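K.L.:
So that we are looking at the same thing, I have put the structure below in structure tokens.
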Amino acid sequence: MRATLKEMTDTDTPAAASRPARLKVIAFFARYGTIAALLLMIIAFSIKSPDSFLTLQNFLNILNQSSLTAIIAGGLTITLVVGEFDLSVGYVSRLAVVLVAGLMSFQHLPVIVAAALVLLLGGLIGGTNGVLVTKARINAVVATLGMGTILVGVSYTYTNGQPIQAGLPASFLSFATGKFAGIPNLVIISAIVLVILWITMNWTDLGQRLQAVGGNKEAARLSGIAVDRVRIFAFVTSGLCAAPTGVLLSSLIGSGTPAAGDGYLLSAFAAVFLGSATLRDGEFHIVGTAVGVVILNTGINGLSIIGVATSFQNIFTGGVLIVAVGLSTLARRYTKG
């Protein structure tokens with residue numbers, strides 16, 4: 001009788017009753033807070049500048065501006081799914097920017113051949129990162145940051161620090177700004193990449209293995225999964241997505257500029273962590289990453305339209321990354337509690 005009374009007093013007090021309610025509110029905010037933030041931004045920018053922000057053309061602009069970040073963030077998502085970090089993605093993009101331009105300008109290779117070689121190199125760099133992490137047992141942060149530093153040196157060595165502009169085919173220069181059926185080419189390409197990654201993660205045996213390794217490496221190994229191969233594949237995917245981001249960026253800016261591509265590292269991480277706190281319990285997933293990219297670029301686009309200084313974009317992106325990691329942590333802690 002005493003135990004029953006204690007149970008009743010523990011569960012029937014207002015404080016005890018309010019705890020689950022508070023947890024539910026926190027969990028709801030952690031899971032859907034990013035969606036609410038996107039809606040609030042759209043409403044605020046629409047009120048502030050309805051003629052410029054709230055238009056179909058501007059929403060297409062946001063999607064177009066989101067495209068390159070979406071591609072590189074999609075590959076990064078796969079790496080994070082298996083519990084690893086890849087800090088080299090921005091530097092792979094940087095190298096891709098100058099290399100694709102150089103192969104066409106210096107070696108006079110056709111556009112398709114130059115792009116294919118750069119994509120192959122991106123996958124090779126990703127594979128090297130994977131081997132360093134899985135076989136050499138180097139921490140992923142150290143290995144990929146070291147690789148990124150090497151790539152910076154290679155980029156500057158290849159170009160002597162000068163942008164490559166001469167000899168680029170007109171078809172290459174016009175591709176990134178072109179449209180198909182009124183939709184920008186970059187939007188179409190990013191959508192295709194994200195759909196392929198989503199199908200891989202959700203509808204294939206490989207996707208299940210990726211998630212199993214990310215959930216518990218030892219349990220995955222005991223169940224017969226080749227854990228190291230899966231982890232290497234994740235790094236290869238990250239490199240394969242970073243490289244075309246650089247190729248498309250080179251087409252967009254019309255040159256092989258050594259410093260181009262650096263900003264995508266922070267943006268990609270911010271988008272992926274925002275996505276992990278969107279509709280899921282702090283888990284990395286492709287749909288969330290796509291939403292995270294749109295949230296990030298909606299904010300940057302809106303701030304630009306209302307006249308906020310361009311330099312504030314870095315402050316906004318860094319702040320979003322901090323908030324995104326916080327929301328992701330809340331989602332994991334309370335939604336599963």
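Labeling convention for the structure tokens: chains A, B, ... as they appear, residues from 1 per chain, ligands from 1 in order of appearance.
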Can you tell me, as a count of residues only, what residues are no more than 12 Å from Leu240 (chain A) when counting only C-alpha atoms, ignoring any on the same chain fewer than 3 positions away?
P.N.:
38
K.L.:
Give me the residues near region 282-285 of chain A as an MDAnalysis selection string, where near means some atom within 7 Å (using only C-alpha atoms) and where sequence neighbours in that chain fewer than 2 positions away do not count.
P.N.:
chainID A and resid 77 80:81 272 275:277 280 287:289 328:329 331:332
K.L.:
Could those selected residues go to a file with C-alpha atoms, as a PDB file, in the first residue's frame?
P.N.:
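part02.pdb, written as the output of this step:
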```pdb
ATOM      1  CA  THR A  77      25.023  14.002 -45.434  1.00  0.00           C
ATOM      2  CA  LEU A  80      27.630  12.138 -41.457  1.00  0.00           C
ATOM      3  CA  VAL A  81      25.084   9.310 -41.623  1.00  0.00           C
ATOM      4  CA  VAL A 272      22.976  19.337 -42.981  1.00  0.00           C
ATOM      5  CA  GLY A 275      18.184  19.164 -41.816  1.00  0.00           C
ATOM      6  CA  SER A 276      18.905  16.730 -38.999  1.00  0.00           C
ATOM      7  CA  ALA A 277      16.580  18.785 -36.798  1.00  0.00           C
ATOM      8  CA  ARG A 280      13.524  13.630 -37.648  1.00  0.00           C
ATOM      9  CA  VAL A 287      15.070  15.535 -47.314  1.00  0.00           C
ATOM     10  CA  GLY A 288      16.099  17.416 -44.196  1.00  0.00           C
ATOM     11  CA  THR A 289      19.312  18.551 -45.872  1.00  0.00           C
ATOM     12  CA  SER A 328      19.795  18.615 -33.545  1.00  0.00           C
ATOM     13  CA  THR A 329      21.007  17.902 -30.028  1.00  0.00           C
ATOM     14  CA  ALA A 331      15.875  16.494 -31.081  1.00  0.00           C
ATOM     15  CA  ARG A 332      18.051  13.526 -30.155  1.00  0.00           C
TER      16      ARG A 332
END
```
K.L.:
Under the rule that only C-alpha atoms are counted, which of A:Met147, A:Leu194, A:Ala170, A:Val308 is the nearest residue to Val293 (chain A)?
P.N.:
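Of the candidates, the smallest distance to Val293 (chain A) is held by A:Leu194.
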K.L.:
Taking the chain letters and numbering used in this document, name the residues of region 54-191 of chain A that DSSP puts in alpha helix (DSSP H), as a PyMOL selection string.
P.N.:
chain A and resi 56-81+89-105+111-134+140-159+170-175+185-191
K.L.:
Write to file, as a compact mmCIF listing (two decimals), in the first residue's frame, the residues of the selection just made, with C-alpha atoms.
P.N.:
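Heads up, here's the output in result-v2.txt:
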```txt
# COMPACT_ATOMS: atom_id res chain seq x y z
CA LEU A 56 7.75 33.39 -58.34
CA GLN A 57 10.96 34.61 -59.92
CA ASN A 58 12.55 35.22 -56.55
CA PHE A 59 11.59 31.77 -55.29
CA LEU A 60 13.24 30.34 -58.41
CA ASN A 61 16.26 32.49 -57.58
CA ILE A 62 16.37 31.01 -54.08
CA LEU A 63 16.26 27.48 -55.48
CA ASN A 64 18.95 28.38 -58.00
CA GLN A 65 21.14 29.90 -55.29
CA SER A 66 20.56 26.77 -53.18
CA SER A 67 21.57 24.33 -55.92
CA LEU A 68 25.33 24.13 -55.49
CA THR A 69 25.10 24.01 -51.71
CA ALA A 70 22.48 21.27 -52.01
CA ILE A 71 24.77 19.07 -54.11
CA ILE A 72 27.77 19.33 -51.81
CA ALA A 73 25.59 19.06 -48.68
CA GLY A 74 23.90 15.95 -50.06
CA GLY A 75 27.23 14.15 -50.28
CA LEU A 76 28.27 15.41 -46.86
CA THR A 77 25.02 14.00 -45.43
CA ILE A 78 26.04 10.48 -46.42
CA THR A 79 29.35 10.85 -44.59
CA LEU A 80 27.63 12.14 -41.46
CA VAL A 81 25.08 9.31 -41.62
CA VAL A 89 34.54 19.08 -49.31
CA GLY A 90 35.03 22.82 -49.75
CA TYR A 91 38.62 22.28 -50.83
CA VAL A 92 37.66 19.54 -53.27
CA SER A 93 35.26 22.04 -54.83
CA ARG A 94 38.04 24.64 -54.95
CA LEU A 95 40.33 22.24 -56.81
CA ALA A 96 37.51 21.22 -59.16
CA VAL A 97 36.89 24.87 -60.06
CA VAL A 98 40.45 25.43 -61.28
CA LEU A 99 41.10 21.96 -62.63
CA VAL A 100 38.09 21.75 -64.95
CA ALA A 101 38.98 25.18 -66.34
CA GLY A 102 42.62 24.24 -66.71
CA LEU A 103 41.92 20.97 -68.49
CA MET A 104 39.89 22.86 -71.09
CA SER A 105 42.16 25.90 -71.32
CA VAL A 111 33.93 19.81 -71.75
CA ILE A 112 32.55 16.34 -71.03
CA VAL A 113 35.99 14.74 -70.77
CA ALA A 114 37.30 17.50 -68.47
CA ALA A 115 34.24 17.30 -66.24
CA ALA A 116 34.41 13.49 -66.09
CA LEU A 117 38.08 13.55 -65.08
CA VAL A 118 37.37 16.06 -62.33
CA LEU A 119 34.49 13.96 -61.00
CA LEU A 120 36.75 10.92 -61.05
CA LEU A 121 39.39 12.84 -59.10
CA GLY A 122 36.76 13.93 -56.56
CA GLY A 123 35.80 10.32 -55.96
CA LEU A 124 39.47 9.35 -55.69
CA ILE A 125 40.12 12.06 -53.09
CA GLY A 126 37.07 10.89 -51.16
CA GLY A 127 38.28 7.31 -51.35
CA THR A 128 41.71 8.36 -50.08
CA ASN A 129 40.04 10.09 -47.13
CA GLY A 130 38.11 6.90 -46.44
CA VAL A 131 41.23 4.75 -46.51
CA LEU A 132 43.09 7.13 -44.20
CA VAL A 133 40.22 6.98 -41.72
CA THR A 134 39.42 3.26 -41.89
CA ALA A 140 38.34 11.85 -39.74
CA VAL A 141 38.62 15.52 -38.76
CA VAL A 142 42.42 15.40 -38.91
CA ALA A 143 42.57 13.34 -42.11
CA THR A 144 40.09 15.43 -44.10
CA LEU A 145 41.40 18.76 -42.83
CA GLY A 146 44.93 17.69 -43.75
CA MET A 147 43.71 16.58 -47.16
CA GLY A 148 41.95 19.90 -47.63
CA THR A 149 45.13 21.81 -46.83
CA ILE A 150 47.01 19.75 -49.42
CA LEU A 151 44.34 20.53 -52.01
CA VAL A 152 44.68 24.26 -51.33
CA GLY A 153 48.38 23.99 -52.12
CA VAL A 154 47.70 21.96 -55.25
CA SER A 155 45.14 24.53 -56.45
CA TYR A 156 47.54 27.44 -56.10
CA THR A 157 50.41 25.47 -57.60
CA TYR A 158 48.32 24.52 -60.63
CA THR A 159 47.21 28.10 -61.32
CA ALA A 170 31.04 29.00 -74.77
CA SER A 171 28.93 25.88 -74.14
CA PHE A 172 30.62 25.47 -70.75
CA LEU A 173 30.26 29.13 -69.79
CA SER A 174 26.56 29.21 -70.63
CA PHE A 175 25.56 25.90 -69.05
CA ASN A 185 19.82 23.91 -65.10
CA LEU A 186 21.41 24.07 -61.66
CA VAL A 187 18.05 23.42 -59.98
CA ILE A 188 17.43 20.40 -62.21
CA ILE A 189 20.89 18.94 -61.59
CA SER A 190 20.71 19.42 -57.82
CA ALA A 191 17.25 17.83 -57.75
```
K.L.:
Using DSSP on the backbone coordinates, identify the residues of region 169-215 of chain A assigned to strand (DSSP E); present them as a PyMOL selection string.
P.N.:
chain A and resi 179-180+183-184
K.L.:
Output N, CA and C atoms of each residue in that selection to a file, as a compact mmCIF listing (two decimals), in the first residue's frame.
P.N.:
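The result, stored in selection_18.txt:
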```txt
# COMPACT_ATOMS: atom_id res chain seq x y z
N LYS A 179 18.64 27.37 -68.87
CA LYS A 179 17.38 26.86 -68.34
C LYS A 179 16.83 25.77 -69.26
N PHE A 180 16.02 24.90 -68.67
CA PHE A 180 15.29 23.89 -69.43
C PHE A 180 13.83 23.96 -69.01
N ILE A 183 13.11 26.19 -66.10
CA ILE A 183 13.73 25.87 -64.81
C ILE A 183 15.25 25.92 -64.97
N PRO A 184 15.95 26.63 -64.09
CA PRO A 184 17.41 26.72 -64.20
C PRO A 184 18.07 25.34 -64.19
```
K.L.:
So what do you get for CA of Tyr264 (chain A) versus CA of Leu39 (chain A), distance-wise?
P.N.:
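Taking CA of Tyr264 (chain A) as the start and CA of Leu39 (chain A) as the end point, the length is 24.3 Å.
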K.L.:
Calculated over only C-alpha atoms, which of the candidates A:Ile232, A:Ala44, A:Ile286, A:Ile322 has the smallest distance to Asn202 (chain A)?
P.N.:
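Using only C-alpha atoms, the shortest distance to Asn202 (chain A) belongs to A:Ile286.
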K.L.:
Find the residue from A:Ser52, A:Thr177, A:Asn297, A:Thr200 that sits nearest to Gly254 (chain A); use only C-alpha atoms when measuring.
P.N.:
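The closest residue to Gly254 (chain A) is A:Thr177.
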K.L.:
With only C-alpha atoms as the counted atoms, please give the residues lying no more than 10 Å from Ile42 (chain A), apart from itself and same-chain residues fewer than 4 positions off, as a list in words.
P.N.:
Ala36, Ala37, Leu38, Ser46, Ile47, Lys48, Phe53, Leu54, Ile295, Thr298, Gly299 and Gly302 of chain A
K.L.:
Write the selection just made, keeping N, CA and C atoms, as a short mmCIF file (atom, residue, chain, number, x, y, z; two decimals), in the first residue's frame?
P.N.:
```
data_model
loop_
_atom_site.label_atom_id
_atom_site.label_comp_id
_atom_site.auth_asym_id
_atom_site.auth_seq_id
_atom_site.Cartn_x
_atom_site.Cartn_y
_atom_site.Cartn_z
N ALA A 36 9.11 26.03 -38.81
CA ALA A 36 8.50 27.26 -38.31
C ALA A 36 9.37 28.46 -38.62
N ALA A 37 10.69 28.30 -38.48
CA ALA A 37 11.62 29.39 -38.77
C ALA A 37 11.56 29.78 -40.25
N LEU A 38 11.45 28.79 -41.13
CA LEU A 38 11.35 29.08 -42.56
C LEU A 38 10.08 29.86 -42.86
N SER A 46 8.37 38.89 -46.70
CA SER A 46 7.26 39.25 -47.58
C SER A 46 6.61 40.55 -47.14
N ILE A 47 6.50 40.75 -45.82
CA ILE A 47 5.94 42.00 -45.30
C ILE A 47 6.89 43.16 -45.57
N LYS A 48 8.18 42.91 -45.36
CA LYS A 48 9.18 43.96 -45.52
C LYS A 48 9.35 44.39 -46.98
N PHE A 53 10.48 40.20 -52.75
CA PHE A 53 10.68 38.86 -52.19
C PHE A 53 9.58 37.89 -52.58
N LEU A 54 8.33 38.33 -52.46
CA LEU A 54 7.20 37.43 -52.64
C LEU A 54 6.81 37.32 -54.12
N ILE A 295 16.29 26.83 -46.26
CA ILE A 295 16.18 27.76 -45.13
C ILE A 295 17.37 28.72 -45.14
N THR A 298 17.12 31.09 -48.14
CA THR A 298 16.00 32.01 -47.99
C THR A 298 16.41 33.18 -47.10
N GLY A 299 17.09 32.87 -46.02
CA GLY A 299 17.56 33.92 -45.13
C GLY A 299 18.54 34.86 -45.81
N GLY A 302 16.67 36.93 -48.48
CA GLY A 302 15.82 37.96 -47.89
C GLY A 302 16.62 39.10 -47.30
#
```
K.L.:
Go ahead and compute the interatomic distance for CA of Pro163 (chain A) and CA of His108 (chain A), in Å to one decimal.
P.N.:
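CA of His108 (chain A) lies 16.6 Å from CA of Pro163 (chain A).
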K.L.:
With only C-alpha atoms as the basis for distance, which of A:Gly307, A:Gly292, A:Gly215, A:Pro169 is at the shortest distance from Ala271 (chain A)?
P.N.:
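Of the candidates, the smallest distance to Ala271 (chain A) is held by A:Gly292.
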K.L.:
Measuring between only C-alpha atoms, which one of A:Leu265, A:Ala290, A:Val320, A:Leu296 shows the shortest distance to Asp86 (chain A)?
P.N.:
A:Leu265
K.L.:
Which neighbours of Asn314 (chain A) fall inside 10 Å, counting only C-alpha atoms, when residues of the same chain fewer than 6 positions from it are skipped, and could you give them as a VMD selection string?
P.N.:
chain A and resid 263 266 to 267 300 320
K.L.:
Grab the residues selected above and save them as a PDB file, in the first residue's frame with N, CA and C atoms.
P.N.:
```pdb
ATOM      1  N   GLY A 263      33.663  28.781 -49.416  1.00  0.00           N
ATOM      2  CA  GLY A 263      32.521  29.079 -48.562  1.00  0.00           C
ATOM      3  C   GLY A 263      31.514  27.961 -48.431  1.00  0.00           C
ATOM      4  N   LEU A 266      31.206  25.672 -44.733  1.00  0.00           N
ATOM      5  CA  LEU A 266      30.351  26.127 -43.635  1.00  0.00           C
ATOM      6  C   LEU A 266      28.881  26.028 -44.007  1.00  0.00           C
ATOM      7  N   SER A 267      28.543  26.439 -45.220  1.00  0.00           N
ATOM      8  CA  SER A 267      27.144  26.392 -45.656  1.00  0.00           C
ATOM      9  C   SER A 267      26.615  24.971 -45.672  1.00  0.00           C
ATOM     10  N   ILE A 300      19.517  34.296 -46.521  1.00  0.00           N
ATOM     11  CA  ILE A 300      20.519  35.114 -47.213  1.00  0.00           C
ATOM     12  C   ILE A 300      19.867  35.958 -48.300  1.00  0.00           C
ATOM     13  N   VAL A 320      23.410  30.323 -37.843  1.00  0.00           N
ATOM     14  CA  VAL A 320      22.517  29.219 -38.205  1.00  0.00           C
ATOM     15  C   VAL A 320      23.158  27.882 -37.858  1.00  0.00           C
TER      16      VAL A 320
END
```
